>>> print(open('protein-v9.txt').read())   # compact mmCIF, C-alpha atoms
# COMPACT_ATOMS: atom_id res chain seq x y z
CA MET A 1 53.74 -37.29 29.86
CA MET A 2 54.16 -33.64 30.86
CA PRO A 3 53.49 -32.11 27.41
CA LEU A 4 50.38 -34.27 27.04
CA LEU A 5 49.02 -33.40 30.49
CA THR A 6 49.79 -29.70 30.09
CA LEU A 7 48.09 -29.56 26.70
CA MET A 8 45.01 -31.31 28.04
CA GLU A 9 44.99 -29.09 31.14
CA TRP A 10 44.95 -26.04 28.87
CA TRP A 11 42.11 -27.53 26.85
CA SER A 12 40.05 -28.50 29.90
CA HIS A 13 40.53 -25.00 31.37
CA ARG A 14 39.55 -23.36 28.12
CA THR A 15 36.41 -25.49 27.74
CA GLY A 16 35.51 -25.52 31.44
CA ARG A 17 35.67 -29.30 31.69
CA GLU A 18 36.16 -29.96 35.40
CA ASP A 19 35.67 -33.71 34.89
CA TRP A 20 38.69 -33.72 32.58
CA ASP A 21 40.66 -31.66 35.08
CA ARG A 22 40.03 -34.25 37.82
CA LEU A 23 41.02 -37.10 35.47
CA LEU A 24 44.26 -35.37 34.47
CA TYR A 25 45.16 -34.84 38.12
CA LYS A 26 44.83 -38.58 38.80
CA ILE A 27 47.04 -39.42 35.82
CA LEU A 28 49.59 -36.82 36.97
CA ALA A 29 49.64 -38.43 40.42
CA VAL A 30 50.86 -41.69 38.87
CA ALA A 31 53.47 -39.87 36.77
CA PHE A 32 54.59 -37.94 39.85
CA ILE A 33 55.05 -41.09 41.95
CA VAL A 34 56.92 -42.90 39.17
CA THR A 35 59.24 -39.95 38.55
CA THR A 36 60.09 -39.21 42.16
CA SER A 37 60.48 -42.83 43.31
CA LEU A 38 61.25 -45.33 40.54
CA GLY A 39 62.90 -42.67 38.38
CA ALA A 40 65.17 -41.50 41.19
CA LEU A 41 66.12 -45.05 42.21
CA THR A 42 66.95 -46.22 38.70
CA GLY A 43 68.89 -43.01 38.05
CA VAL A 44 71.15 -43.74 41.01
CA GLY A 45 71.29 -47.39 39.95
CA ILE A 46 72.61 -46.46 36.51
CA TRP A 47 75.52 -44.51 37.99
CA PHE A 48 76.30 -47.29 40.44
CA SER A 49 76.20 -50.00 37.76
CA THR A 50 78.31 -48.14 35.20
CA SER A 51 80.90 -47.20 37.82
CA VAL A 52 81.26 -50.80 38.95
CA VAL A 53 81.11 -52.54 35.55
CA ASN A 54 83.30 -50.18 33.52
CA PRO A 55 84.70 -47.21 35.45
CA ALA A 56 87.12 -46.35 32.64
CA ALA A 57 84.25 -45.90 30.19
CA ILE A 58 82.08 -43.73 32.43
CA GLY A 59 85.16 -41.74 33.43
CA SER A 60 85.97 -41.05 29.78
CA LEU A 61 82.40 -39.96 29.08
CA LEU A 62 82.49 -37.62 32.05
CA ARG A 63 85.64 -35.98 30.75
CA VAL A 64 84.11 -35.42 27.31
CA PHE A 65 80.66 -34.31 28.47
CA TYR A 66 81.52 -32.74 31.82
CA TRP A 67 79.82 -29.40 31.25
CA ALA A 68 76.89 -31.03 29.42
CA TRP A 69 76.32 -33.42 32.34
CA PHE A 70 76.74 -30.59 34.82
CA SER A 71 74.08 -28.62 32.93
CA GLU A 72 71.83 -31.67 32.76
CA TRP A 73 72.09 -32.07 36.53
CA ILE A 74 70.87 -28.50 37.02
CA VAL A 75 68.06 -29.06 34.52
CA PHE A 76 67.10 -32.31 36.26
CA VAL A 77 66.96 -30.62 39.67
CA CYS A 78 64.72 -27.93 38.14
CA GLU A 79 62.58 -30.68 36.61
CA VAL A 80 62.11 -32.44 39.96
CA VAL A 81 61.29 -29.19 41.75
CA LEU A 82 58.83 -28.22 39.02
CA ILE A 83 56.98 -31.55 39.03
CA VAL A 84 56.59 -31.29 42.80
CA ILE A 85 55.20 -27.76 42.44
CA TYR A 86 53.04 -28.74 39.45
CA PHE A 87 51.47 -31.66 41.31
CA LEU A 88 51.02 -30.04 44.72
CA THR A 89 49.50 -26.82 43.35
CA TRP A 90 47.11 -28.43 40.84
CA LYS A 91 44.07 -28.15 43.12
CA LYS A 92 45.12 -24.81 44.60
CA MET A 93 45.82 -22.84 41.43
CA THR A 94 42.33 -22.70 39.99
CA GLY A 95 40.20 -20.08 38.32
CA PRO A 96 42.28 -17.05 37.26
CA ARG A 97 45.44 -18.73 38.62
CA LYS A 98 45.02 -21.71 36.31
CA THR A 99 46.89 -19.95 33.52
CA ALA A 100 49.95 -19.60 35.75
CA HIS A 101 49.70 -23.28 36.63
CA ILE A 102 49.65 -24.20 32.94
CA ARG A 103 52.83 -22.12 32.47
CA ILE A 104 54.47 -24.25 35.17
CA GLY A 105 53.49 -27.32 33.16
CA ILE A 106 54.96 -25.84 29.99
CA THR A 107 58.25 -25.07 31.76
CA LEU A 108 58.29 -28.58 33.25
CA SER A 109 57.73 -30.05 29.78
CA VAL A 110 60.65 -28.08 28.36
CA MET A 111 62.94 -29.14 31.21
CA SER A 112 61.94 -32.78 30.77
CA TRP A 113 62.80 -32.62 27.08
CA LEU A 114 66.10 -30.83 27.72
CA THR A 115 67.17 -33.62 30.06
CA MET A 116 66.62 -36.11 27.26
CA ALA A 117 68.26 -33.85 24.68
CA ILE A 118 71.50 -33.68 26.67
CA ILE A 119 71.69 -37.37 27.61
CA THR A 120 70.85 -38.48 24.06
CA ALA A 121 74.01 -36.75 22.86
CA VAL A 122 76.01 -39.03 25.16
CA LEU A 123 74.15 -42.12 23.92
CA GLY A 124 74.75 -41.16 20.29
CA PHE A 125 78.42 -40.50 20.97
CA MET A 126 78.86 -43.99 22.38
CA MET A 127 77.75 -45.47 19.06
CA ASN A 128 79.29 -43.03 16.60
CA PRO A 129 81.55 -40.24 17.90
CA GLY A 130 81.77 -38.57 14.50
CA ALA A 131 84.56 -36.01 14.33
CA TRP A 132 85.42 -36.18 18.03
CA PRO A 133 88.48 -38.48 17.67
CA GLN A 134 90.10 -35.71 15.60
CA GLN A 135 88.74 -32.57 17.30
CA GLN A 136 88.17 -33.88 20.84
CA ASP A 137 85.93 -31.09 22.08
CA LEU A 138 82.42 -30.96 23.54
CA LEU A 139 80.81 -29.54 20.40
CA ALA A 140 82.21 -32.35 18.26
CA GLY A 141 80.97 -34.89 20.81
CA PHE A 142 77.48 -33.38 20.76
CA ASN A 143 77.36 -33.14 16.98
CA ASN A 144 77.70 -36.88 16.41
CA PRO A 145 75.89 -38.49 13.43
CA ALA A 146 73.48 -40.46 15.62
CA TYR A 147 72.42 -37.52 17.79
CA VAL A 148 69.63 -35.75 15.88
CA PRO A 149 67.97 -38.92 14.49
CA GLN A 150 68.00 -40.57 17.93
CA LEU A 151 66.75 -37.42 19.68
CA LEU A 152 63.81 -37.06 17.30
CA PHE A 153 63.06 -40.79 17.54
CA ARG A 154 63.17 -40.69 21.34
CA THR A 155 60.98 -37.59 21.44
CA ALA A 156 58.30 -39.25 19.34
CA ALA A 157 58.65 -42.55 21.21
CA ALA A 158 58.28 -40.80 24.58
CA MET A 159 55.15 -39.00 23.37
CA ALA A 160 53.68 -42.29 22.11
CA MET A 161 54.51 -44.03 25.40
CA ALA A 162 52.84 -41.19 27.31
CA GLY A 163 49.71 -41.54 25.20
CA SER A 164 49.62 -45.31 25.76
CA LEU A 165 50.03 -44.97 29.52
CA ALA A 166 47.43 -42.20 29.67
CA LEU A 167 45.08 -44.41 27.67
CA ALA A 168 45.39 -47.21 30.23
CA LEU A 169 45.13 -44.87 33.24
CA GLY A 170 42.27 -42.90 31.72
CA ALA A 171 40.26 -46.08 31.24
CA PHE A 172 41.09 -47.21 34.78
CA PHE A 173 40.09 -43.89 36.38
CA THR A 174 36.76 -43.49 34.54
CA SER A 175 33.49 -45.39 34.77
CA PRO A 176 32.40 -47.67 31.90
CA ARG A 177 30.02 -46.34 29.27
CA THR A 178 30.38 -42.74 30.37
CA ALA A 179 31.08 -39.84 28.04
CA LEU A 180 34.36 -39.16 29.86
CA ARG A 181 35.53 -42.76 29.30
CA LYS A 182 34.80 -42.50 25.58
CA GLU A 183 36.47 -39.11 25.26
CA SER A 184 39.59 -40.06 27.20
CA VAL A 185 40.07 -43.34 25.33
CA ARG A 186 39.61 -41.66 21.96
CA THR A 187 41.80 -38.66 22.85
CA PHE A 188 44.77 -40.60 24.18
CA ALA A 189 44.58 -43.20 21.41
CA GLY A 190 44.60 -40.40 18.83
CA TRP A 191 47.61 -38.79 20.51
CA THR A 192 49.49 -42.10 20.43
CA LEU A 193 48.67 -42.80 16.78
CA PHE A 194 49.76 -39.29 15.83
CA TRP A 195 53.24 -39.79 17.34
CA ILE A 196 53.69 -43.32 16.03
CA VAL A 197 54.13 -41.92 12.51
CA PRO A 198 57.19 -39.70 13.23
CA MET A 199 58.51 -42.37 15.62
CA THR A 200 58.54 -44.88 12.75
CA ILE A 201 60.08 -42.42 10.30
CA TRP A 202 62.87 -41.36 12.64
CA SER A 203 63.60 -44.93 13.66
CA LEU A 204 64.41 -45.65 10.01
CA VAL A 205 66.59 -42.53 9.78
CA TYR A 206 68.33 -43.53 13.01
CA TYR A 207 68.94 -47.01 11.58
CA GLN A 208 70.82 -45.41 8.69
CA ALA A 209 73.13 -43.68 11.19
CA ILE A 210 74.38 -47.01 12.56
CA PRO A 211 77.96 -47.66 11.33
CA ALA A 212 78.06 -50.51 8.80
CA GLU A 213 80.49 -52.58 10.86
CA MET A 214 78.10 -52.40 13.84
CA ALA A 215 75.06 -53.38 11.78
CA VAL A 216 76.72 -56.79 11.39
CA ASN A 217 75.98 -57.34 15.10
CA LEU A 218 72.23 -56.87 14.69
CA PRO A 219 71.22 -60.58 14.84
CA VAL A 220 73.06 -61.10 18.15
CA ALA A 221 72.24 -57.63 19.48
CA PHE A 222 68.55 -58.13 18.78
CA GLY A 223 68.12 -61.72 19.87
CA THR A 224 71.21 -62.77 21.87
CA GLN A 225 73.46 -65.60 20.70
CA ALA A 226 70.76 -68.16 21.50
CA TRP A 227 68.32 -66.54 19.03
CA ALA A 228 70.74 -65.04 16.52
CA ASN A 229 69.79 -67.61 13.88
CA GLN A 230 66.12 -66.67 14.33
CA TYR A 231 66.67 -62.99 13.54
CA ASP A 232 64.06 -62.89 10.76
CA LEU A 233 61.50 -64.53 13.02
CA LEU A 234 62.25 -62.04 15.82
CA ILE A 235 61.81 -59.14 13.41
CA LYS A 236 58.42 -60.50 12.39
CA LEU A 237 57.40 -60.95 16.03
CA THR A 238 58.50 -57.39 16.77
CA LEU A 239 56.44 -56.08 13.88
CA ALA A 240 53.50 -58.13 15.15
CA VAL A 241 53.82 -56.54 18.60
CA GLY A 242 53.87 -53.10 16.99
CA LEU A 243 50.83 -53.89 14.82
CA ILE A 244 48.92 -55.16 17.86
CA GLY A 245 49.59 -51.85 19.62
CA VAL A 246 48.59 -49.82 16.56
CA GLY A 247 45.50 -51.96 15.97
CA LEU A 248 44.27 -51.53 19.53
CA ASN A 249 44.77 -47.78 19.35
CA LEU A 250 42.80 -47.68 16.11
CA TRP A 251 40.07 -49.73 17.80
CA ALA A 252 40.04 -47.24 20.67
CA LEU A 253 39.75 -44.36 18.22
CA ILE A 254 36.84 -45.91 16.31
CA LYS A 255 35.01 -47.88 19.03
CA PRO A 256 36.02 -46.31 22.37
CA ALA A 257 33.09 -47.72 24.34
CA ARG A 258 33.17 -51.35 23.24
CA THR A 259 36.01 -52.65 25.35
CA TRP A 260 36.99 -53.43 28.93
CA ALA A 261 39.34 -51.15 30.82
CA PHE A 262 42.08 -53.79 31.21
CA VAL A 263 42.40 -54.06 27.41
CA TRP A 264 44.02 -50.64 27.25
CA ILE A 265 47.07 -51.72 29.22
CA VAL A 266 48.07 -53.88 26.21
CA PRO A 267 49.18 -50.99 23.91
CA PHE A 268 51.34 -49.62 26.73
CA LEU A 269 52.93 -53.03 27.31
CA CYS A 270 53.54 -53.36 23.56
CA ILE A 271 55.37 -50.06 23.26
CA CYS A 272 57.35 -50.74 26.47
CA LEU A 273 58.44 -54.07 24.98
CA LEU A 274 59.51 -52.38 21.74
CA VAL A 275 61.47 -49.64 23.51
CA SER A 276 63.12 -52.18 25.83
CA GLN A 277 64.19 -54.24 22.85
CA PHE A 278 65.55 -51.10 21.20
CA GLU A 279 67.59 -50.26 24.31
CA ARG A 280 69.09 -53.74 24.52
CA THR A 281 70.00 -53.66 20.82
CA ARG A 282 71.48 -50.16 21.12
CA GLN A 283 73.65 -51.24 24.04
CA PHE A 284 74.99 -54.38 22.35
CA ILE A 285 75.33 -53.30 18.75
CA ARG A 286 78.35 -51.07 19.36
CA LYS A 287 80.47 -54.00 20.53
CA PRO A 288 83.40 -54.69 20.46
CA TYR A 289 83.45 -51.10 21.73
CA VAL A 290 81.91 -49.55 24.77
CA LEU A 291 82.80 -46.15 23.29
CA ALA A 292 82.90 -46.51 19.52
CA TYR A 293 86.40 -46.54 18.02
CA TYR A 294 87.87 -45.20 21.29
CA MET A 295 87.51 -47.89 23.99
CA TYR A 296 86.86 -51.60 23.79
CA SER A 297 84.19 -53.22 25.94
CA ASN A 298 86.89 -54.62 28.25
CA GLY A 299 88.03 -51.09 29.13
CA ALA A 300 91.19 -51.03 26.99
CA ARG A 301 91.56 -47.98 24.76
CA VAL A 302 92.00 -48.68 21.07
CA GLN A 303 95.17 -46.60 20.83
CA GLU A 304 96.64 -48.53 23.77
CA ALA A 305 96.16 -51.93 22.11
CA PRO A 306 99.62 -52.12 20.47
CA TYR A 307 101.31 -51.07 23.71
CA LEU A 308 99.39 -53.62 25.80
CA ALA A 309 100.12 -56.35 23.27
CA LYS A 310 103.81 -55.59 23.71
CA THR A 311 104.10 -54.93 27.46
CA GLY A 312 101.08 -56.86 28.78
CA LEU A 313 97.93 -56.30 30.80
CA LEU A 314 99.38 -57.49 34.09
CA ALA A 315 102.37 -55.17 34.04
CA ASN A 316 100.08 -52.18 33.49
CA SER A 317 97.39 -53.07 36.03
CA ALA A 318 97.28 -51.53 39.49
CA TRP A 319 95.16 -54.39 40.83
CA ALA A 320 96.75 -57.56 39.41
CA ALA A 321 98.05 -59.95 42.06
CA ASN A 322 100.64 -61.30 39.59
CA ARG A 323 102.62 -58.83 37.49
CA THR A 324 104.75 -61.45 35.78
CA ILE A 325 104.00 -65.01 34.65
CA THR A 326 106.00 -67.98 35.85
CA ALA A 327 105.51 -71.74 35.68
CA ASP A 328 104.29 -71.70 39.29
CA ASN A 329 101.75 -68.86 39.02
CA ARG A 330 100.55 -69.44 35.46
CA VAL A 331 96.97 -70.38 36.36
CA GLN A 332 96.65 -67.60 38.95
CA ALA A 333 98.03 -65.10 36.44
CA GLY A 334 95.47 -66.37 33.94
CA ARG A 335 92.80 -65.69 36.53
CA ASP A 336 94.04 -62.11 36.81
CA VAL A 337 93.93 -61.80 33.04
CA PHE A 338 90.34 -63.06 33.05
CA LEU A 339 89.38 -60.40 35.60
CA LEU A 340 91.05 -57.67 33.56
CA ALA A 341 90.10 -58.68 30.02
CA CYS A 342 86.91 -60.76 30.25
CA SER A 343 84.92 -60.15 33.44
CA ARG A 344 83.14 -57.00 32.23
CA CYS A 345 81.10 -59.14 29.85
CA HIS A 346 81.50 -62.72 31.10
CA THR A 347 80.90 -64.53 34.37
CA LEU A 348 82.22 -67.94 35.30
CA ASN A 349 78.88 -69.66 35.81
CA GLY A 350 76.19 -66.96 35.68
CA SER A 351 75.02 -64.63 32.92
CA ASN A 352 77.02 -65.05 29.69
CA SER A 353 78.96 -67.81 31.44
CA ILE A 354 82.43 -68.56 30.08
CA THR A 355 82.20 -72.18 31.24
CA ARG A 356 78.89 -72.65 29.46
CA ASN A 357 80.37 -71.16 26.28
CA LEU A 358 83.33 -73.52 26.46
CA SER A 359 81.02 -76.48 27.03
CA ARG A 360 79.14 -75.60 23.86
CA LEU A 361 82.39 -75.06 21.99
CA TYR A 362 83.92 -78.39 23.07
CA PRO A 363 80.94 -80.70 23.83
CA GLY A 364 81.99 -83.90 25.53
CA GLN A 365 85.69 -83.06 25.11
CA THR A 366 88.55 -82.20 27.40
CA TRP A 367 89.28 -78.48 27.34
CA LYS A 368 92.83 -78.16 26.05
CA PRO A 369 94.74 -74.94 26.79
CA GLU A 370 96.32 -74.95 23.32
CA ALA A 371 92.93 -75.07 21.59
CA ILE A 372 91.49 -72.34 23.83
CA ASP A 373 94.58 -70.19 23.25
CA SER A 374 94.16 -70.51 19.48
CA TYR A 375 90.46 -69.67 19.71
CA VAL A 376 91.01 -66.60 21.88
CA ARG A 377 93.70 -65.38 19.49
CA SER A 378 91.30 -65.30 16.52
CA ILE A 379 87.87 -65.01 18.13
CA HIS A 380 87.37 -61.35 17.18
CA GLY A 381 87.57 -62.36 13.53
CA ALA A 382 84.86 -65.01 13.87
CA ARG A 383 82.69 -62.98 16.22
CA PRO A 384 82.93 -59.26 15.39
CA TYR A 385 81.34 -58.20 18.68
CA MET A 386 84.36 -59.59 20.56
CA PRO A 387 87.36 -57.25 21.05
CA PRO A 388 90.83 -58.53 20.17
CA PHE A 389 92.75 -60.00 23.09
CA PRO A 390 94.45 -57.01 24.77
CA GLY A 391 97.59 -58.66 26.20
CA THR A 392 100.70 -60.59 25.28
CA ALA A 393 100.92 -64.13 23.93
CA ALA A 394 102.13 -65.33 27.35
CA GLU A 395 99.10 -63.76 29.05
CA ARG A 396 96.79 -65.32 26.50
CA ALA A 397 98.34 -68.73 27.17
CA ALA A 398 97.92 -68.18 30.93
CA LEU A 399 94.27 -67.25 30.41
CA ALA A 400 93.78 -70.43 28.36
CA ALA A 401 95.36 -72.50 31.13
CA TYR A 402 93.04 -70.96 33.71
CA LEU A 403 89.93 -71.49 31.56
CA ALA A 404 90.88 -75.10 30.85
CA LYS A 405 91.25 -75.74 34.58
CA LEU A 406 87.67 -74.56 35.16
CA GLN A 407 86.41 -77.81 33.62
CA THR A 408 87.55 -79.75 36.67
CA THR A 409 87.99 -77.04 39.35
CA SER A 410 85.36 -74.60 40.57
CA ASP A 411 86.23 -70.96 41.20
CA GLN A 412 84.48 -67.81 42.32
CA ILE A 413 85.71 -64.45 41.14
CA PRO A 414 85.33 -61.38 43.35
CA SER A 415 83.45 -58.25 42.40
CA ASN A 416 85.29 -55.24 41.01
CA ALA A 417 84.88 -53.57 44.40
CA SER A 418 86.68 -56.47 46.09
CA ILE A 419 89.53 -56.24 43.62
CA SER A 420 89.89 -52.54 44.36
CA ARG A 421 90.10 -53.14 48.10
CA ASN A 422 92.83 -55.68 47.57
>>> encode(input="protein-v9.txt", output="structure tokens")
Amino acid sequence: MMPLLTLMEWWSHRTGREDWDRLLYKILAVAFIVTTSLGALTGVGIWFSTSVVNPAAIGSLLRVFYWAWFSEWIVFVCEVVLIVIYFLTWKKMTGPRKTAHIRIGITLSVMSWLTMAIITAVLGFMMNPGAWPQQQDLLAGFNNPAYVPQLLFRTAAAMAMAGSLALALGAFFTSPRTALRKESVRTFAGWTLFWIVPMTIWSLVYYQAIPAEMAVNLPVAFGTQAWANQYDLLIKLTLAVGLIGVGLNLWALIKPARTWAFVWIVPFLCICLLVSQFERTRQFIRKPYVLAYYMYSNGARVQEAPYLAKTGLLANSAWAANRTITADNRVQAGRDVFLLACSRCHTLNGSNSITRNLSRLYPGQTWKPEAIDSYVRSIHGARPYMPPFPGTAAERAALAAYLAKLQTTSDQIPSNASISRN
């Protein structure tokens, strides 16, 4: 939003359009509130969630990108300070001082982009670390194959989202059938359409950077297991959503006065839906890894897998209640194994429920530990997004015994925080 607003502020100052200046200030007010409230809250929420769900993964990323994240924190603080200054001084820095205010907007725009540029390197690394497994330095982590395509795609997507939001806000903040309404609708629609072209091109380039073994996960990543068989239909629906957004922007460009204000929220909702779907797909597609080729989604490092298969998960866990498996504690040990190996992705009865999955796998049947054991042993071959079981055969059998018991006995697992306190 900041590059768009700064560019339009420069234009309104150059042409003496005070009506445009007032409109831009109202749009900035919304962007300011979103950034300093929702943006701050979700930023903290991300750190909290990642630390609880998979502390080993976020810890590994911090070790690789420590100085990059440290730099990003400084840039982000500068960004927040600048947007406060930019917003609060808009009405004060007028006339000859307007040029200085525009320079603040330019600096803010650069800082906003730098924040994305640094974080996108981390996101690309999680999917394809490139040469980092061999070199293991910050430069190798930054220079991953997915970095540049994703950065350019995200830049264009952010610009298009800004144009769509400005289109909706501009229509809301102007009166119908006025020259300002027509100009704002046409201007912001044109901005959006301009950025949709590079966004589409770089999305295709980014798609080519996805490792082939991860592309196999696309049907499930895109539509969840429930809709995996409808992948082609979902792709068509996604294209339809995109075409609706493009069509409405074209309508705004050609006939800016022949619509109601509420219509212009639709292109923004369309592009938000597309970006949200992209984020979900990006998060899932790298499974069975949380950090590609380095760490599985259950927190076990790939190079540790042979050692864990030999010595066991329980023996190497600081939080397991049962370090060894006996006839008396077999089910409880299996519960510990579930917490260690499965609970980062599965719940017992909630989202991605293990009991619901077993009910679908064995409909109307008794859950037999031997059958579950056999399935867990080979599940990563049938479902490539599942990591191989990270423990010993005895631990796998204990896990199967615990899961089988869930058919007749209810249980409630604690949160990761509760495990840590124990």
>>> atom_distance(input="protein-v9.txt", atom1="atom CA of A:Ile106", atom2="atom CA of A:Ser276")
27.9 Å
>>> closest_residue(input="protein-v9.txt", among="A:Leu273, A:Ala146, A:Leu339, A:Val220", to="A:Thr238", atoms="only C-alpha atoms")
A:Leu273
>>> residues_around(input="protein-v9.txt", residues="stretch 130-140 of chain A", least_positions_apart="4", cutoff="12 Å", atoms="all atoms listed in the file", output="PyMOL selection string")
chain A and resi 60-69+118+121-122+124-126+144-147+209-211+291-295+302-303
>>> residues_around(input="protein-v9.txt", residues="A:Leu28", least_positions_apart="2", cutoff="9 Å", atoms="all atoms listed in the file", output="list in words")
Met1, Met2, Leu5, Leu23, Leu24, Tyr25, Lys26, Val30, Ala31, Phe32, Ile33 and Phe87 of chain A
>>> residues_around(input="protein-v9.txt", residues="stretch 279-290 of chain A", least_positions_apart="5", cutoff="8 Å", atoms="only C-alpha atoms", output="MDAnalysis selection string")
chainID A and resid 57 126:127 214:215 217:218 221:222 295:299 384:387
>>> atom_distance(input="protein-v9.txt", atom1="atom CA of A:Phe338", atom2="atom CA of A:Asn357")
14.5 Å
>>> atom_distance(input="protein-v9.txt", atom1="atom CA of A:Thr347", atom2="atom CA of A:Ile235")
28.9 Å
>>> closest_residue(input="protein-v9.txt", among="A:Lys182, A:Arg383, A:Arg396, A:Arg177", to="A:Cys342", atoms="only C-alpha atoms")
A:Arg396
>>> residues_around(input="protein-v9.txt", residues="A:Ala401", least_positions_apart="3", cutoff="6 Å", atoms="all atoms listed in the file", output="MDAnalysis selection string")
chainID A and resid 331 369 398 404
>>> axis_aligned_box(input="protein-v9.txt", around="stretch 78-88 of chain A", padding_each_side="4 Å", output="lines of an AutoDock Vina configuration file")
center_x = 57.9
center_y = -30.1
center_z = 40.7
size_x = 21.7
size_y = 12.7
size_z = 16.1
>>> closest_residue(input="protein-v9.txt", among="A:Ser184, A:Gln208, A:Ser37, A:Thr6", to="A:Thr107", atoms="only C-alpha atoms")
A:Thr6
>>> closest_residue(input="protein-v9.txt", among="A:Arg154, A:Arg344, A:Lys91, A:Arg103", to="A:Arg22", atoms="all atoms listed in the file")
A:Lys91
>>> closest_residue(input="protein-v9.txt", among="A:Ala156, A:Asn143, A:Ala261, A:Ala226", to="A:Arg181", atoms="only C-alpha atoms")
A:Ala261
>>> decode(input="protein-v9.txt", residues="stretch 136-148 of chain A", atoms="N, CA and C atoms", output="mmCIF file, in the first residue's frame")
data_model
loop_
_atom_site.group_PDB
_atom_site.id
_atom_site.type_symbol
_atom_site.label_atom_id
_atom_site.label_comp_id
_atom_site.auth_asym_id
_atom_site.auth_seq_id
_atom_site.Cartn_x
_atom_site.Cartn_y
_atom_site.Cartn_z
ATOM 1 N N GLN A 136 26.068 -24.681 4.455
ATOM 2 C CA GLN A 136 25.575 -24.306 5.775
ATOM 3 C C GLN A 136 26.061 -22.929 6.232
ATOM 4 N N ASP A 137 25.808 -21.931 5.391
ATOM 5 C CA ASP A 137 26.068 -20.551 5.791
ATOM 6 C C ASP A 137 24.887 -19.679 5.368
ATOM 7 N N LEU A 138 24.843 -18.456 5.880
ATOM 8 C CA LEU A 138 23.706 -17.569 5.653
ATOM 9 C C LEU A 138 23.519 -17.265 4.180
ATOM 10 N N LEU A 139 24.597 -17.028 3.453
ATOM 11 C CA LEU A 139 24.488 -16.686 2.039
ATOM 12 C C LEU A 139 23.857 -17.828 1.250
ATOM 13 N N ALA A 140 24.255 -19.061 1.553
ATOM 14 C CA ALA A 140 23.671 -20.216 0.869
ATOM 15 C C ALA A 140 22.191 -20.347 1.208
ATOM 16 N N GLY A 141 21.829 -20.051 2.468
ATOM 17 C CA GLY A 141 20.426 -20.101 2.849
ATOM 18 C C GLY A 141 19.599 -19.056 2.120
ATOM 19 N N PHE A 142 20.157 -17.850 1.967
ATOM 20 C CA PHE A 142 19.458 -16.785 1.261
ATOM 21 C C PHE A 142 19.315 -17.115 -0.222
ATOM 22 N N ASN A 143 20.361 -17.661 -0.800
ATOM 23 C CA ASN A 143 20.391 -17.895 -2.238
ATOM 24 C C ASN A 143 19.763 -19.240 -2.583
ATOM 25 N N ASN A 144 18.565 -19.488 -2.056
ATOM 26 C CA ASN A 144 17.875 -20.742 -2.360
ATOM 27 C C ASN A 144 17.098 -20.587 -3.663
ATOM 28 N N PRO A 145 16.829 -21.697 -4.372
ATOM 29 C CA PRO A 145 16.194 -21.616 -5.696
ATOM 30 C C PRO A 145 14.825 -20.962 -5.708
ATOM 31 N N ALA A 146 14.103 -21.017 -4.592
ATOM 32 C CA ALA A 146 12.745 -20.468 -4.565
ATOM 33 C C ALA A 146 12.712 -18.996 -4.175
ATOM 34 N N TYR A 147 13.864 -18.422 -3.813
ATOM 35 C CA TYR A 147 13.861 -17.084 -3.235
ATOM 36 C C TYR A 147 13.444 -16.000 -4.229
ATOM 37 N N VAL A 148 14.200 -15.838 -5.305
ATOM 38 C CA VAL A 148 13.926 -14.745 -6.247
ATOM 39 C C VAL A 148 12.545 -14.875 -6.888
#
